[in-house]
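Q: Please read through the structure below; I'll follow up with questions.
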Amino acid sequence: MEVFVLKVRVKFEKTEGMRFVGHLDLMRFFQKSIRRANIPIKYSEGFSPHQIMSFGAPLSMGVAGLGEYMDIEISDDKKITSEDAVKRLNEVMCQGMKVLKFLQIPEDSKPAMALMDTADFKAEFKERAEAENIKNA
């Protein structure tokens with residue numbers, strides 16, 4: 001029986017205390033979360049198989065992300081809907097992590113990292129600051 005593989009783009013947000021988690025730890029976090037949520041992710045072949053996933057550009061330490069992306073490959077033999085995948089993943093996520101979308105993308109799509117060419121940043125200040133002081137800083 002041949003198993004079909006689907007490429008999926010996952011949109012998530014990383015806020016609160018999770019913004020202090022580094023990129024490699026974030027990858028391990030998602031590997032464990034995908035296993036716990038029973039998402040049928042595809043593994044590489046060879047001596048040491050690992051989940052096939054790639055992330056968009058990593059954020060700096062301490063920066064929250066409201067629109068981060070990760071690409072994974074899943075097997076199509078265990079039909080899973082986008083809504084079900086989002087629900088199952090969010091059930092195993094910790095505070096500060098939330099999956100927003102789980103969408104199939106075409107097989108020939110560029111990786112999330114290659115598509116990232118701009119970003120919007122929002123700075124919040126604890127105290128009211130004068131415009132001239134902000135420019136100087």
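Ordered as shown in the structure tokens, chains take letters A, B, and onward, while each chain numbers its residues from 1 and ligands are numbered from 1 in the order shown.
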Hey, which bits of region 9-74 of chain A sit within 12 Å of region 105-110 of chain A, and for each residue what's the closest pair of atoms and how far apart in Å (one decimal), counting only C-alpha atoms, rows by chain and increasing number, as CSV?
A:
residue,atom,partner,partner_atom,distance
A:Arg9,CA,A:Ile105,CA,6.5
A:Val10,CA,A:Ile105,CA,10.0
A:Ser54,CA,A:Lys110,CA,11.1
A:Phe55,CA,A:Lys110,CA,11.9
A:Gly56,CA,A:Lys110,CA,11.1
A:Met70,CA,A:Ile105,CA,11.8
A:Asp71,CA,A:Ile105,CA,9.1
A:Ile72,CA,A:Ile105,CA,10.1
A:Glu73,CA,A:Glu107,CA,9.7
A:Ile74,CA,A:Ile105,CA,11.5
Q: Can those selected residues be exported to a file as a tab-separated table (two decimals), in the first residue's frame so that it contains N, CA, C and O atoms?
A:
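To be explicit, this is the file written out as result_36.tsv:
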chain	number	residue	atom	x	y	z
A	9	ARG	N	1.69	23.67	6.05
A	9	ARG	CA	2.27	24.87	6.67
A	9	ARG	C	1.48	25.17	7.93
A	9	ARG	O	0.27	25.28	7.91
A	10	VAL	N	2.20	25.26	9.04
A	10	VAL	CA	1.60	25.52	10.35
A	10	VAL	C	1.94	26.95	10.75
A	10	VAL	O	3.11	27.34	10.76
A	54	SER	N	10.57	22.08	8.97
A	54	SER	CA	11.46	23.23	8.79
A	54	SER	C	10.71	24.48	9.23
A	54	SER	O	9.50	24.59	9.05
A	55	PHE	N	11.45	25.40	9.83
A	55	PHE	CA	10.87	26.61	10.39
A	55	PHE	C	11.25	27.82	9.55
A	55	PHE	O	12.26	27.82	8.85
A	56	GLY	N	10.43	28.88	9.68
A	56	GLY	CA	10.77	30.16	9.09
A	56	GLY	C	11.93	30.76	9.88
A	56	GLY	O	12.47	30.13	10.79
A	70	MET	N	5.97	27.07	10.23
A	70	MET	CA	6.72	25.83	10.23
A	70	MET	C	6.10	24.96	9.14
A	70	MET	O	4.87	24.92	8.99
A	71	ASP	N	6.92	24.28	8.36
A	71	ASP	CA	6.45	23.34	7.35
A	71	ASP	C	6.74	21.92	7.83
A	71	ASP	O	7.83	21.66	8.36
A	72	ILE	N	5.76	21.03	7.67
A	72	ILE	CA	5.95	19.62	8.00
A	72	ILE	C	5.39	18.78	6.87
A	72	ILE	O	4.68	19.28	6.00
A	73	GLU	N	5.72	17.51	6.89
A	73	GLU	CA	5.15	16.55	5.95
A	73	GLU	C	4.39	15.52	6.76
A	73	GLU	O	4.91	15.01	7.75
A	74	ILE	N	3.15	15.25	6.36
A	74	ILE	CA	2.35	14.25	7.06
A	74	ILE	C	1.91	13.19	6.07
A	74	ILE	O	1.83	13.42	4.87
Q: Could you pull out the residues in chain A that DSSP calls alpha helix (DSSP H) from the backbone, as an MDAnalysis selection string?
A: chainID A and resid 23:36 82:92 112:115 131:136
Q: Can I get the selected residues back with C-alpha atoms, as an mmCIF file, in the first residue's frame?
A:
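What landed in again_36.cif:
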data_model
loop_
_atom_site.group_PDB
_atom_site.id
_atom_site.type_symbol
_atom_site.label_atom_id
_atom_site.label_comp_id
_atom_site.auth_asym_id
_atom_site.auth_seq_id
_atom_site.Cartn_x
_atom_site.Cartn_y
_atom_site.Cartn_z
ATOM 1 C CA HIS A 23 15.151 28.081 18.338
ATOM 2 C CA LEU A 24 16.575 24.583 18.954
ATOM 3 C CA ASP A 25 14.426 24.134 22.063
ATOM 4 C CA LEU A 26 11.416 25.328 20.073
ATOM 5 C CA MET A 27 12.109 22.611 17.498
ATOM 6 C CA ARG A 28 12.260 19.964 20.246
ATOM 7 C CA PHE A 29 9.065 21.385 21.769
ATOM 8 C CA PHE A 30 7.210 20.955 18.465
ATOM 9 C CA GLN A 31 8.607 17.455 17.928
ATOM 10 C CA LYS A 32 7.220 16.370 21.286
ATOM 11 C CA SER A 33 3.935 18.228 20.804
ATOM 12 C CA ILE A 34 3.368 16.614 17.400
ATOM 13 C CA ARG A 35 4.000 13.182 18.912
ATOM 14 C CA ARG A 36 1.655 13.878 21.853
ATOM 15 C CA SER A 82 -7.048 21.146 9.633
ATOM 16 C CA GLU A 83 -9.511 21.954 12.415
ATOM 17 C CA ASP A 84 -8.797 18.666 14.183
ATOM 18 C CA ALA A 85 -5.027 19.131 13.890
ATOM 19 C CA VAL A 86 -5.189 22.667 15.346
ATOM 20 C CA LYS A 87 -7.391 21.441 18.203
ATOM 21 C CA ARG A 88 -5.170 18.451 19.005
ATOM 22 C CA LEU A 89 -1.976 20.502 18.904
ATOM 23 C CA ASN A 90 -3.377 23.304 21.073
ATOM 24 C CA GLU A 91 -4.498 20.735 23.658
ATOM 25 C CA VAL A 92 -0.869 19.700 24.234
ATOM 26 C CA ALA A 112 8.716 28.936 4.854
ATOM 27 C CA MET A 113 12.283 30.237 5.355
ATOM 28 C CA ALA A 114 12.575 31.180 1.661
ATOM 29 C CA LEU A 115 9.286 33.088 1.712
ATOM 30 C CA ALA A 131 9.348 61.161 20.688
ATOM 31 C CA GLU A 132 12.711 62.962 20.935
ATOM 32 C CA ASN A 133 13.928 60.541 23.633
ATOM 33 C CA ILE A 134 12.916 57.571 21.494
ATOM 34 C CA LYS A 135 14.844 58.921 18.502
ATOM 35 C CA ASN A 136 17.922 59.493 20.663
#
Q: Neighbours of Gly17 (chain A) within 12 Å (only C-alpha atoms; same-chain residues fewer than 4 positions away dropped), as a PDB file with N, CA and C atoms, in the first residue's frame?
A:
ATOM      1  N   VAL A  21      12.335  31.073  24.845  1.00  0.00           N
ATOM      2  CA  VAL A  21      12.795  29.746  24.421  1.00  0.00           C
ATOM      3  C   VAL A  21      13.561  29.897  23.110  1.00  0.00           C
ATOM      4  N   GLY A  22      14.756  29.335  23.065  1.00  0.00           N
ATOM      5  CA  GLY A  22      15.591  29.420  21.866  1.00  0.00           C
ATOM      6  C   GLY A  22      15.064  28.558  20.730  1.00  0.00           C
ATOM      7  N   MET A  61      16.049  36.131  20.855  1.00  0.00           N
ATOM      8  CA  MET A  61      15.635  35.737  22.192  1.00  0.00           C
ATOM      9  C   MET A  61      14.839  36.872  22.844  1.00  0.00           C
ATOM     10  N   GLY A  62      13.694  36.547  23.405  1.00  0.00           N
ATOM     11  CA  GLY A  62      12.870  37.531  24.098  1.00  0.00           C
ATOM     12  C   GLY A  62      11.840  38.226  23.230  1.00  0.00           C
ATOM     13  N   VAL A  63      11.845  37.958  21.931  1.00  0.00           N
ATOM     14  CA  VAL A  63      10.889  38.584  21.024  1.00  0.00           C
ATOM     15  C   VAL A  63       9.697  37.653  20.831  1.00  0.00           C
ATOM     16  N   ALA A  64       8.502  38.185  21.045  1.00  0.00           N
ATOM     17  CA  ALA A  64       7.283  37.399  20.834  1.00  0.00           C
ATOM     18  C   ALA A  64       6.948  37.392  19.344  1.00  0.00           C
ATOM     19  N   GLY A  65       6.372  36.312  18.876  1.00  0.00           N
ATOM     20  CA  GLY A  65       5.991  36.198  17.464  1.00  0.00           C
ATOM     21  C   GLY A  65       4.515  35.859  17.345  1.00  0.00           C
ATOM     22  N   CYS A  94       1.805  24.390  25.742  1.00  0.00           N
ATOM     23  CA  CYS A  94       1.865  25.063  27.037  1.00  0.00           C
ATOM     24  C   CYS A  94       1.458  26.525  26.858  1.00  0.00           C
ATOM     25  N   GLN A  95       1.317  27.219  27.980  1.00  0.00           N
ATOM     26  CA  GLN A  95       0.925  28.626  27.941  1.00  0.00           C
ATOM     27  C   GLN A  95       1.984  29.421  27.175  1.00  0.00           C
ATOM     28  N   GLY A  96       1.546  30.252  26.262  1.00  0.00           N
ATOM     29  CA  GLY A  96       2.458  31.055  25.462  1.00  0.00           C
ATOM     30  C   GLY A  96       2.676  30.514  24.060  1.00  0.00           C
ATOM     31  N   MET A  97       2.150  29.322  23.781  1.00  0.00           N
ATOM     32  CA  MET A  97       2.239  28.741  22.436  1.00  0.00           C
ATOM     33  C   MET A  97       0.828  28.430  21.958  1.00  0.00           C
TER      34      MET A  97
END
Q: To test your reading of the structure, identify every residue in chain A that backbone DSSP assigns to strand (DSSP E or B), and report it as a PyMOL selection string.
A: chain A and resi 5-14+41+43+51+53-55+65-75+97-105
Q: Next, write the just-selected residues to a file, as a CSV table (one decimal), in the first residue's frame, keeping N, CA and C atoms as the atom set.
A:
chain,number,residue,atom,x,y,z
A,5,VAL,N,2.1,11.6,0.8
A,5,VAL,CA,2.6,12.5,1.8
A,5,VAL,C,2.1,13.9,1.4
A,6,LEU,N,1.6,14.6,2.4
A,6,LEU,CA,1.1,16.0,2.2
A,6,LEU,C,2.1,17.0,2.9
A,7,LYS,N,2.3,18.1,2.2
A,7,LYS,CA,3.1,19.2,2.8
A,7,LYS,C,2.1,20.1,3.5
A,8,VAL,N,2.4,20.5,4.7
A,8,VAL,CA,1.5,21.3,5.5
A,8,VAL,C,2.3,22.5,6.1
A,9,ARG,N,1.7,23.7,6.1
A,9,ARG,CA,2.3,24.9,6.7
A,9,ARG,C,1.5,25.2,7.9
A,10,VAL,N,2.2,25.3,9.0
A,10,VAL,CA,1.6,25.5,10.3
A,10,VAL,C,1.9,26.9,10.8
A,11,LYS,N,0.9,27.7,11.1
A,11,LYS,CA,1.1,29.1,11.6
A,11,LYS,C,0.9,29.1,13.1
A,12,PHE,N,1.8,29.6,13.8
A,12,PHE,CA,1.7,29.6,15.3
A,12,PHE,C,2.2,30.9,15.9
A,13,GLU,N,1.8,31.1,17.1
A,13,GLU,CA,2.3,32.3,17.8
A,13,GLU,C,3.0,31.9,19.1
A,14,LYS,N,4.1,32.6,19.4
A,14,LYS,CA,5.0,32.3,20.5
A,14,LYS,C,5.0,33.6,21.4
A,41,ILE,N,3.0,12.6,11.3
A,41,ILE,CA,4.1,13.3,10.6
A,41,ILE,C,5.0,12.2,10.0
A,43,TYR,N,8.7,10.7,8.9
A,43,TYR,CA,10.0,10.7,9.4
A,43,TYR,C,11.0,10.4,8.3
A,51,GLN,N,11.8,13.7,12.6
A,51,GLN,CA,10.6,14.3,12.0
A,51,GLN,C,11.0,15.3,10.9
A,53,MET,N,10.6,18.5,9.4
A,53,MET,CA,10.0,19.8,9.6
A,53,MET,C,11.1,20.9,9.4
A,54,SER,N,10.6,22.1,9.0
A,54,SER,CA,11.5,23.2,8.8
A,54,SER,C,10.7,24.5,9.2
A,55,PHE,N,11.4,25.4,9.8
A,55,PHE,CA,10.9,26.6,10.4
A,55,PHE,C,11.2,27.8,9.5
A,65,GLY,N,6.4,36.3,18.9
A,65,GLY,CA,6.0,36.2,17.5
A,65,GLY,C,4.5,35.9,17.3
A,66,LEU,N,3.8,36.7,16.6
A,66,LEU,CA,2.3,36.4,16.4
A,66,LEU,C,2.0,35.8,15.1
A,67,GLY,N,3.0,35.5,14.3
A,67,GLY,CA,2.8,34.9,13.0
A,67,GLY,C,4.0,34.2,12.5
A,68,GLU,N,4.4,33.1,13.2
A,68,GLU,CA,5.5,32.3,12.9
A,68,GLU,C,5.1,31.1,12.1
A,69,TYR,N,6.0,30.5,11.3
A,69,TYR,CA,5.6,29.4,10.4
A,69,TYR,C,6.5,28.3,10.5
A,70,MET,N,6.0,27.1,10.2
A,70,MET,CA,6.7,25.8,10.2
A,70,MET,C,6.1,25.0,9.1
A,71,ASP,N,6.9,24.3,8.4
A,71,ASP,CA,6.5,23.3,7.4
A,71,ASP,C,6.7,21.9,7.8
A,72,ILE,N,5.8,21.0,7.7
A,72,ILE,CA,6.0,19.6,8.0
A,72,ILE,C,5.4,18.8,6.9
A,73,GLU,N,5.7,17.5,6.9
A,73,GLU,CA,5.1,16.6,5.9
A,73,GLU,C,4.4,15.5,6.8
A,74,ILE,N,3.1,15.3,6.4
A,74,ILE,CA,2.3,14.2,7.1
A,74,ILE,C,1.9,13.2,6.1
A,75,SER,N,1.6,12.0,6.6
A,75,SER,CA,1.1,10.9,5.7
A,75,SER,C,-0.4,11.1,5.6
A,97,MET,N,2.2,29.3,23.8
A,97,MET,CA,2.2,28.7,22.4
A,97,MET,C,0.8,28.4,22.0
A,98,LYS,N,0.5,28.8,20.7
A,98,LYS,CA,-0.8,28.5,20.2
A,98,LYS,C,-0.7,28.3,18.7
A,99,VAL,N,-1.2,27.2,18.2
A,99,VAL,CA,-1.3,27.0,16.7
A,99,VAL,C,-2.5,27.7,16.2
A,100,LEU,N,-2.3,28.5,15.1
A,100,LEU,CA,-3.4,29.3,14.5
A,100,LEU,C,-4.0,28.6,13.3
A,101,LYS,N,-3.1,28.1,12.4
A,101,LYS,CA,-3.6,27.4,11.2
A,101,LYS,C,-2.7,26.2,10.9
A,102,PHE,N,-3.3,25.3,10.1
A,102,PHE,CA,-2.7,24.0,9.7
A,102,PHE,C,-3.2,23.8,8.3
A,103,LEU,N,-2.5,24.2,7.3
A,103,LEU,CA,-3.0,24.1,5.9
A,103,LEU,C,-2.1,23.4,5.0
A,104,GLN,N,-2.7,22.6,4.1
A,104,GLN,CA,-2.0,21.9,3.1
A,104,GLN,C,-1.5,22.9,2.1
A,105,ILE,N,-0.3,22.7,1.6
A,105,ILE,CA,0.3,23.6,0.6
A,105,ILE,C,0.8,22.7,-0.6
Q: Please measure the separation of CA of Thr118 (chain A) and CA of Ala57 (chain A), giving the value in Å to one decimal.
A: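 For CA of Thr118 (chain A) relative to CA of Ala57 (chain A), the distance reads 10.5 Å.
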Q: So how far away is CA of Asp76 (chain A) from CA of Phe4 (chain A), in Å?
A: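 So the two atoms, CA of Phe4 (chain A) and CA of Asp76 (chain A), lie 5.3 Å apart.
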Q: Please indicate the distance in Å from CA of Met93 (chain A) to CA of Glu124 (chain A), rounded to one decimal place.
A: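 Interatomic distance here is 25.9 Å.
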